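Participant: Below is the file coords.cif, which contains mmCIF, C-alpha atoms.
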```
data_final
#
loop_
_atom_site.label_atom_id
_atom_site.label_comp_id
_atom_site.auth_asym_id
_atom_site.auth_seq_id
_atom_site.Cartn_x
_atom_site.Cartn_y
_atom_site.Cartn_z
CA MET A 97 8.48 -17.57 26.53
CA ALA A 98 5.27 -19.17 25.33
CA ALA A 99 6.71 -22.57 26.26
CA ALA A 100 7.48 -21.36 29.79
CA ARG A 101 3.90 -20.12 30.14
CA ARG A 102 2.50 -23.45 28.92
CA GLU A 103 4.72 -25.39 31.30
CA LEU A 104 3.56 -23.30 34.24
CA ALA A 105 -0.12 -23.56 33.27
CA GLU A 106 0.01 -27.34 32.73
CA HIS A 107 2.29 -28.44 35.57
CA GLY A 108 2.28 -25.57 38.04
CA PRO A 109 5.37 -24.07 39.68
CA PRO A 110 8.43 -26.25 40.38
CA ARG A 111 7.68 -26.03 44.09
CA THR A 112 5.02 -24.57 46.34
CA PRO A 113 6.47 -23.26 49.62
CA GLU A 114 4.77 -24.47 52.77
CA GLY A 115 1.93 -22.15 53.69
CA ALA A 116 2.10 -20.26 50.37
CA PRO A 117 -1.12 -19.31 48.57
CA ASP A 118 -2.51 -21.95 46.25
CA PHE A 119 -1.21 -21.68 42.68
CA ALA A 120 -4.59 -22.17 41.00
CA THR A 121 -6.17 -19.51 43.19
CA VAL A 122 -3.67 -16.70 42.75
CA SER A 123 -2.17 -17.35 39.31
CA LEU A 124 -3.61 -15.71 36.21
CA PRO A 125 -5.32 -18.32 33.99
CA GLY A 126 -3.80 -18.85 30.55
CA ARG A 127 -6.76 -17.31 28.70
CA ASP A 128 -6.43 -14.11 30.72
CA GLY A 129 -2.66 -14.09 30.33
CA ASP A 130 -3.17 -14.23 26.58
CA ALA A 131 -5.56 -11.30 26.78
CA VAL A 132 -3.05 -9.24 28.78
CA ARG A 133 -0.26 -10.13 26.34
CA ASP A 134 -2.34 -9.28 23.29
CA LEU A 135 -3.52 -5.95 24.69
CA LEU A 136 0.02 -4.89 25.61
CA MET A 137 1.24 -5.87 22.16
CA GLN A 138 -1.59 -3.92 20.57
CA GLU A 139 -0.47 -0.91 22.61
CA GLN A 140 3.19 -1.45 21.64
CA ALA A 141 4.04 -1.14 25.32
CA GLY A 142 7.74 -0.82 26.06
CA THR A 143 7.70 -0.11 29.81
CA VAL A 144 5.27 -1.89 32.14
CA VAL A 145 4.82 -1.71 35.91
CA GLU A 146 3.38 -4.83 37.52
CA ILE A 147 2.07 -5.13 41.08
CA GLY A 148 2.05 -8.68 42.42
CA LEU A 149 4.39 -11.40 41.10
CA ALA A 150 3.36 -14.55 43.01
CA TYR A 151 4.12 -17.50 40.68
CA ALA A 152 4.84 -15.27 37.64
CA GLY A 153 1.81 -16.24 35.56
CA SER A 154 1.02 -12.67 34.56
CA ALA A 155 4.68 -11.61 34.55
CA LEU A 156 5.52 -14.18 31.89
CA ALA A 157 2.64 -12.93 29.73
CA ILE A 158 3.87 -9.34 30.14
CA GLY A 159 7.44 -10.37 29.34
CA GLU A 160 6.26 -12.17 26.22
CA ALA A 161 4.47 -9.01 25.08
CA LEU A 162 7.51 -6.82 25.71
CA LEU A 163 9.76 -9.12 23.71
CA ARG A 164 7.29 -9.48 20.85
CA THR A 165 6.79 -5.74 20.45
CA GLY A 166 10.53 -5.33 20.04
CA ALA A 167 10.72 -2.22 22.23
CA ARG A 168 14.27 -1.05 22.85
CA PRO A 169 15.05 -1.19 25.64
CA PRO A 170 12.01 -2.98 27.17
CA ARG A 171 11.52 -2.53 30.90
CA HIS A 172 9.38 -4.50 33.35
CA VAL A 173 9.21 -3.23 36.93
CA VAL A 174 7.72 -5.94 39.18
CA ILE A 175 6.63 -5.02 42.71
CA ASP A 176 5.93 -7.78 45.23
CA PRO A 177 6.80 -7.42 48.93
CA TYR A 178 5.82 -11.07 49.54
CA GLN A 179 7.90 -12.73 46.82
CA TYR A 180 10.51 -14.02 49.26
CA THR A 181 8.48 -14.12 52.47
CA ALA A 182 5.45 -16.02 51.10
CA TYR A 183 6.60 -17.49 47.77
CA ASP A 184 10.27 -18.28 48.50
CA GLY A 185 11.30 -16.48 45.32
CA VAL A 186 9.63 -19.04 43.03
CA GLY A 187 8.05 -16.47 40.72
CA TRP A 188 11.28 -14.53 40.27
CA GLU A 189 13.18 -17.75 39.57
CA LEU A 190 10.65 -18.67 36.87
CA LEU A 191 10.89 -15.21 35.32
CA CYS A 192 14.68 -15.29 35.21
CA GLY A 193 14.68 -18.90 34.03
CA ALA A 194 12.56 -17.82 31.07
CA GLY A 195 15.26 -15.31 30.08
CA LEU A 196 13.57 -12.18 31.37
CA GLY A 197 16.12 -11.27 34.02
CA ASP A 198 17.72 -8.66 31.76
CA ILE A 199 14.54 -6.66 31.22
CA ALA A 200 12.77 -7.21 34.56
CA GLU A 201 13.57 -5.83 37.99
CA LEU A 202 12.04 -7.03 41.24
CA VAL A 203 11.11 -4.54 43.97
CA THR A 204 10.19 -6.00 47.36
CA ALA A 205 8.92 -2.78 48.92
CA PRO A 206 5.14 -2.31 49.36
CA SER A 207 3.67 -0.90 46.16
CA GLN A 208 1.90 1.95 47.95
CA ARG A 209 5.30 3.27 49.04
CA PHE A 210 7.43 2.45 46.02
CA LEU A 211 4.98 3.87 43.48
CA ALA A 212 5.14 7.19 45.32
CA ARG A 213 8.93 7.17 44.85
CA LEU A 214 8.57 6.43 41.14
CA ALA A 215 6.11 9.27 40.76
CA ASP A 216 8.46 11.66 42.57
CA GLU A 217 11.28 10.61 40.24
CA GLY A 218 9.17 11.34 37.16
CA PHE A 219 9.18 7.69 36.06
CA SER A 220 6.92 7.00 33.09
CA ALA A 221 5.34 3.72 31.92
CA ASP A 222 3.18 2.81 28.97
CA ALA A 223 1.01 0.42 30.95
CA ALA A 224 0.50 -1.21 34.34
CA PHE A 225 -0.92 -4.49 35.56
CA VAL A 226 -2.36 -4.55 39.10
CA ASP A 227 -2.80 -7.76 41.09
CA GLY A 228 -1.56 -6.87 44.55
CA SER A 229 -3.48 -6.20 47.73
CA HIS A 230 -7.24 -6.45 47.28
CA HIS A 231 -8.01 -4.14 50.20
CA PHE A 232 -9.90 -1.12 48.88
CA HIS A 233 -7.55 1.46 50.39
CA ASN A 234 -4.44 -0.22 48.99
CA VAL A 235 -5.91 -0.62 45.50
CA PHE A 236 -7.00 3.02 45.58
CA VAL A 237 -3.51 4.22 46.50
CA ASP A 238 -1.94 2.00 43.82
CA LEU A 239 -4.26 3.42 41.18
CA HIS A 240 -3.70 7.00 42.36
CA PHE A 241 0.04 6.78 41.80
CA LEU A 242 -0.28 4.76 38.62
CA GLY A 243 -2.43 7.59 37.30
CA GLU A 244 0.69 9.76 37.62
CA ILE A 245 3.18 7.15 36.41
CA VAL A 246 1.38 5.70 33.38
CA ARG A 247 1.63 8.17 30.52
CA PRO A 248 -1.51 10.05 29.41
CA GLY A 249 -3.36 7.80 26.99
CA GLY A 250 -1.70 4.68 28.43
CA ILE A 251 -3.54 1.75 29.96
CA VAL A 252 -4.01 0.18 33.38
CA LEU A 253 -5.11 -3.45 33.67
CA LEU A 254 -6.41 -5.05 36.85
CA ASP A 255 -6.92 -8.66 37.87
CA ASP A 256 -9.95 -9.64 39.96
CA VAL A 257 -11.80 -6.49 38.96
CA GLY A 258 -15.04 -8.28 39.83
CA TRP A 259 -14.16 -8.20 43.52
CA PRO A 260 -16.20 -5.41 45.18
CA SER A 261 -13.14 -3.84 46.81
CA VAL A 262 -11.20 -3.71 43.54
CA GLY A 263 -14.20 -2.65 41.46
CA ALA A 264 -15.10 0.12 43.91
CA ALA A 265 -11.58 1.54 43.80
CA VAL A 266 -11.44 1.69 40.01
CA ALA A 267 -14.97 3.14 39.88
CA TYR A 268 -13.65 6.35 41.45
CA PHE A 269 -11.14 6.80 38.63
CA GLU A 270 -13.81 6.11 36.02
CA THR A 271 -16.23 8.58 37.58
CA HIS A 272 -13.89 11.42 38.49
CA LEU A 273 -10.72 11.08 36.41
CA GLY A 274 -12.03 9.88 33.07
CA TRP A 275 -10.56 6.38 32.97
CA ARG A 276 -12.40 4.59 30.14
CA PRO A 277 -13.08 0.84 30.20
CA MET A 278 -11.61 -1.08 27.28
CA PRO A 279 -12.69 -4.45 25.86
CA VAL A 280 -10.53 -7.36 26.99
CA ALA A 281 -10.71 -10.58 25.02
CA SER A 282 -8.48 -13.55 24.40
CA ALA A 283 -8.06 -15.25 21.05
CA ASP A 284 -9.03 -18.44 22.91
CA PRO A 285 -11.69 -17.22 25.34
CA GLY A 286 -12.49 -20.62 26.87
CA PRO A 287 -15.10 -21.03 29.60
CA GLU A 288 -16.33 -18.13 31.65
CA PRO A 289 -15.30 -17.97 35.34
CA ALA A 290 -17.47 -20.25 37.47
CA ASP A 291 -18.47 -17.41 39.82
CA GLY A 292 -19.55 -15.16 36.94
CA ARG A 293 -17.16 -12.39 37.92
CA PRO A 294 -15.06 -10.78 35.19
CA ARG A 295 -11.41 -11.50 35.82
CA ILE A 296 -9.56 -8.73 33.97
CA GLY A 297 -10.42 -5.07 33.57
CA ALA A 298 -8.58 -2.64 31.29
CA TYR A 299 -8.81 1.14 31.34
CA ARG A 300 -7.55 3.86 29.01
CA LEU A 301 -6.19 6.91 30.82
CA PRO A 302 -7.25 10.32 29.50
CA ASP A 303 -4.92 12.59 27.60
CA PRO A 304 -4.31 15.14 28.98
CA ARG A 305 -4.70 14.30 32.65
CA PRO A 306 -7.81 16.00 34.08
CA ALA A 307 -7.91 18.26 37.13
CA PRO A 308 -11.38 17.67 38.62
CA ASP A 309 -13.04 20.25 40.86
CA PHE A 310 -13.51 18.86 44.39
CA ARG A 311 -16.83 20.71 44.59
CA GLU A 312 -18.20 18.45 41.87
CA PHE A 313 -17.57 15.21 43.74
CA ARG A 314 -20.13 12.48 42.94
CA PRO A 315 -20.78 9.07 44.51
CA PHE A 316 -18.92 6.43 42.54
CA CYS A 317 -20.09 3.07 43.84
#
```
Can you present the structure in this file as structure tokens?
Facilitator:
Amino acid sequence: MAAARRELAEHGPPRTPEGAPDFATVSLPGRDGDAVRDLLMQEQAGTVVEIGLAYAGSALAIGEALLRTGARPPRHVVIDPYQYTAYDGVGWELLCGAGLGDIAELVTAPSQRFLARLADEGFSADAAFVDGSHHFHNVFVDLHFLGEIVRPGGIVLLDDVGWPSVGAAVAYFETHLGWRPMPVASADPGPEPADGRPRIGAYRLPDPRPAPDFREFRPFC
């Protein structure tokens, strides 16, 4: 698994479909993948929901964590409606080629719809990683349903948390639902992002889940 991640980081995907997003732009850098892996291992996560597969950079890190923790049975639910329309299935091929096809499942429905189904079914996860749509309303809906799916006391990680739309969405859950920021660090931190924005955010969900009073609503961003 680590070898597959190194190969992807050093040489990129085996092919880049015409018109697909640039690998370097959308893929999680190795230092951040290590941080995600280490945090999930620290949490002993056995079931993880991931939004956004693209070229599988983060998915490989999550798969590595699931295998290293030794959870039985590990489960990795990957949601990406653009995997075949924009990426020609490259990310899923890489994930299966790394031996993760038995623990991962790919869902090509929009996350805002599929997460609602999971919540209705009573599905429970230990953690989630969010790197899907960066539109505020979509991130907000994703986080709303993940707040029901991820077990109390579990964690939610987000890529590109420095983007105003993503940061504003998560700020609501910090302010009104008690999500607590967690430190995120890699064993090999490397250089800081050139634009100064933090890349990864991690949040601990409260236990038990709160029931805020709508009359106490406060501005959150």
Participant: Taking 2 positions as the minimum chain separation for residues in the same chain, which residues sit within 7 Å of Pro277 of chain A when counting only C-alpha atoms? Answer as a VMD selection string.
Facilitator: chain A and resid 275 279 298 to 300
Participant: Within 12 Å of Val246 of chain A, counting only C-alpha atoms, which residues qualify if same-chain residues fewer than 4 places away don't, as a PyMOL selection string?
Facilitator: chain A and resi 141-146+211+214-215+218-225+238-242+250-253+275+299-305
Participant: What do you get, as a PyMOL selection string, if you spell out every residue that the PyMOL selection byres ((chain A and resi 206) around 12) selects here?
Facilitator: chain A and resi 147-148+174-179+202-205+207-213+228-229+234-235+237-238
Participant: Could you list, as an MDAnalysis selection string, every residue within 8 Å of segment 121-137 of chain A, counting all atoms listed in the file and ignoring same-chain residues fewer than 3 positions away?
Facilitator: chainID A and resid 101:102 105 117:118 140:141 150:154 157:158 160:162 164:165 223 253 255 280:286 295:296
Participant: I need the residue nearest Ile245 of chain A from this list: A:Tyr268, A:Glu217, A:Leu156, A:Pro306. Use all atoms listed in the file for the distance.
Facilitator: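 For Ile245 of chain A, the nearest of the given residues is A:Glu217.
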Participant: For the atom pair atom CA of Ala307 of chain A and atom CA of Val226 of chain A, what is the interatomic distance in Å to one decimal place?
Facilitator: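 One can read the atom CA of Ala307 of chain A to atom CA of Val226 of chain A distance as 23.6 Å.
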Participant: Figure out the distance between atom CA of Asp227 of chain A and atom CA of Leu104 of chain A, please, to one decimal in Å.
Facilitator: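 Value for the atom CA of Leu104 of chain A-atom CA of Asp227 of chain A distance: 18.1 Å.
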